[in-house]
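Engineer: Provided herewith is a single structure, encoded as structure tokens, for subsequent inquiry.
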Amino acid sequence: MKWFRFEQEGESRIGVEEAGYRYDVTAQVYTDSLLEVIARGFEMDLDLDVAPRLNDEIQLLAPYIPPRNVICVGKNYADHIKEMDTAGAGKFVLFTKAPSSIVGPFEAIERHADLTQQLDYEGELAIIIGTSGRDLTPENALDHVFGYSIVNDVTARDLQKEHVQFFRGKSLDGFCPFGPVIVTEDSFDPADVLVETRVNGQLRQSGSTKLMLRDVVTILTEVSRGMTLEAGDIIATGTPAGVGHGMKPPTYLQDGDVVDISIEGIGHLQNHVKAYK
């Protein structure tokens with residue numbers, strides 16, 4: 001099952017997609033907050049026979065704004081480490097992105113030309129935590145997962161290098177497109193799915209999650225050591241090769257560019273770059 005948030009007549013509502021059809025289930029979940037649905041461990045015993053069916057014209061929103069920073073895994077694909085020409089292969093690299101960086105499908109990635117000349121993209125599989133817990137084990141880690149989605153770990157490479165850690169270069173407004181849906185854990189296998197990124201229709205990234213140096217279970221067990229993961233936490237799992245910074249010459253995003261990230265079984269997260277100033 002796929003969960004999503006959408007706007008109808010100026011109001012945020014909750015929907016699910018099942019067997020190719022989309023339904024409005026806001027009345028059945030008694031909330032317009034998908035984060036609340038996740039946090040209370042909703043059992044998903046929905047009666048879709050009585051749920052209003054939606055057409056394809058609905059406006060999708062970001063599934064939700066997380067209550068805490070987005071947790072990001074770096075250097076998790078060997079080919080991306082190589083293209084970036086950075087040390088640290090094999091090390092477990094973590095950083096975060098501010099919740100204020102979240103935008104939804106089809107919303108704009110702000111250009112921030114006054115702050116960066118090296119705007120880049122990173123298509124990534126995202127883990128959505130459903131049940132809080134710490135010190136997870138390989139045996140129970142997936143029991144704490146609500147589902148999976150897509151994030152674009154937009155990065156200002158020059159700001160990333162300018163600061164000692166990545167937070168500012170990763171957290172400007174619009175730097176974390178998220179969505180379009182969350183696929184529940186019971187209907188998605190993250191072990192071997194293709195992550196692809198296209199810029200203006202040109203294929204830039206294409207790599208399977210089977211190439212991750214740390215798989216989903218390993219990420220969950222390592223991140224949760226001594227630190228409680230909370231319902232609604234988003235964990236971005238790293239990006240394969242093909243980012244703009246790794247091209248020869250480097251090719252960065254510009255005003256008007258369209259970035260489309262697709263993951264098998266989830267869908268497409270598409271955003272455009274827009275200058276606000």
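Labeling convention for the structure tokens: chains A, B, ... as they appear, residues from 1 per chain, ligands from 1 in order of appearance.
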Kindly provide the residues of stretch 70-143 of chain A that approach stretch 25-36 of chain A to within 12 Å, each paired with its closest atom pair and their distance in Å to one decimal, based on only C-alpha atoms, listed by chain and increasing number, as JSON lines.
Structural biologist:
{"residue": "A:Ile128", "atom": "CA", "partner": "A:Leu35", "partner_atom": "CA", "distance": 10.2}
{"residue": "A:Ile129", "atom": "CA", "partner": "A:Leu35", "partner_atom": "CA", "distance": 10.4}
{"residue": "A:Gly130", "atom": "CA", "partner": "A:Leu35", "partner_atom": "CA", "distance": 9.4}
{"residue": "A:Thr131", "atom": "CA", "partner": "A:Leu35", "partner_atom": "CA", "distance": 11.9}
Engineer: Filtering to N, CA and C atoms, could you give me those residues as a PDB file, in the first residue's frame?
Structural biologist:
ATOM      1  N   ILE A 128      11.387   5.253   6.457  1.00  0.00           N
ATOM      2  CA  ILE A 128      10.465   5.975   7.328  1.00  0.00           C
ATOM      3  C   ILE A 128      10.240   5.139   8.589  1.00  0.00           C
ATOM      4  N   ILE A 129      10.654   5.676   9.731  1.00  0.00           N
ATOM      5  CA  ILE A 129      10.501   4.959  10.993  1.00  0.00           C
ATOM      6  C   ILE A 129       9.038   5.003  11.439  1.00  0.00           C
ATOM      7  N   GLY A 130       8.529   3.845  11.866  1.00  0.00           N
ATOM      8  CA  GLY A 130       7.142   3.761  12.316  1.00  0.00           C
ATOM      9  C   GLY A 130       6.997   3.549  13.802  1.00  0.00           C
ATOM     10  N   THR A 131       7.899   2.788  14.408  1.00  0.00           N
ATOM     11  CA  THR A 131       7.844   2.491  15.837  1.00  0.00           C
ATOM     12  C   THR A 131       9.155   2.912  16.480  1.00  0.00           C
TER      13      THR A 131
END
Engineer: So that I can check the surroundings of A:Gln254, please list as a list in words every protein, DNA and RNA residue that reaches within 8 Å of it, counting only C-alpha atoms and ignoring chain neighbours fewer than 5 positions away.
Structural biologist: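 Once the nearby chain positions are removed, what remains is Arg111, Leu119 and Val273 of chain A.
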Engineer: Looking only at the backbone, which of the residues in stretch 63-245 of chain A does DSSP tag as alpha helix (DSSP H), as a PyMOL selection string?
Structural biologist: chain A and resi 78-84+157-162+167-170+216-223
Engineer: Find, counting only C-alpha atoms, the residue in A:Leu269, A:Ser206, A:Leu48, A:Gln59 that gets nearest to A:Glu7.
Structural biologist: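 With only C-alpha atoms as the atom set, the closest residue is A:Gln59.
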Engineer: Here is a test: counting only C-alpha atoms, which residue of A:Ile266, A:Leu142, A:Ala108, A:Ala51 is nearest to A:Phe4?
Structural biologist: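 Among the listed residues, the smallest separation from A:Phe4 belongs to A:Ile266.
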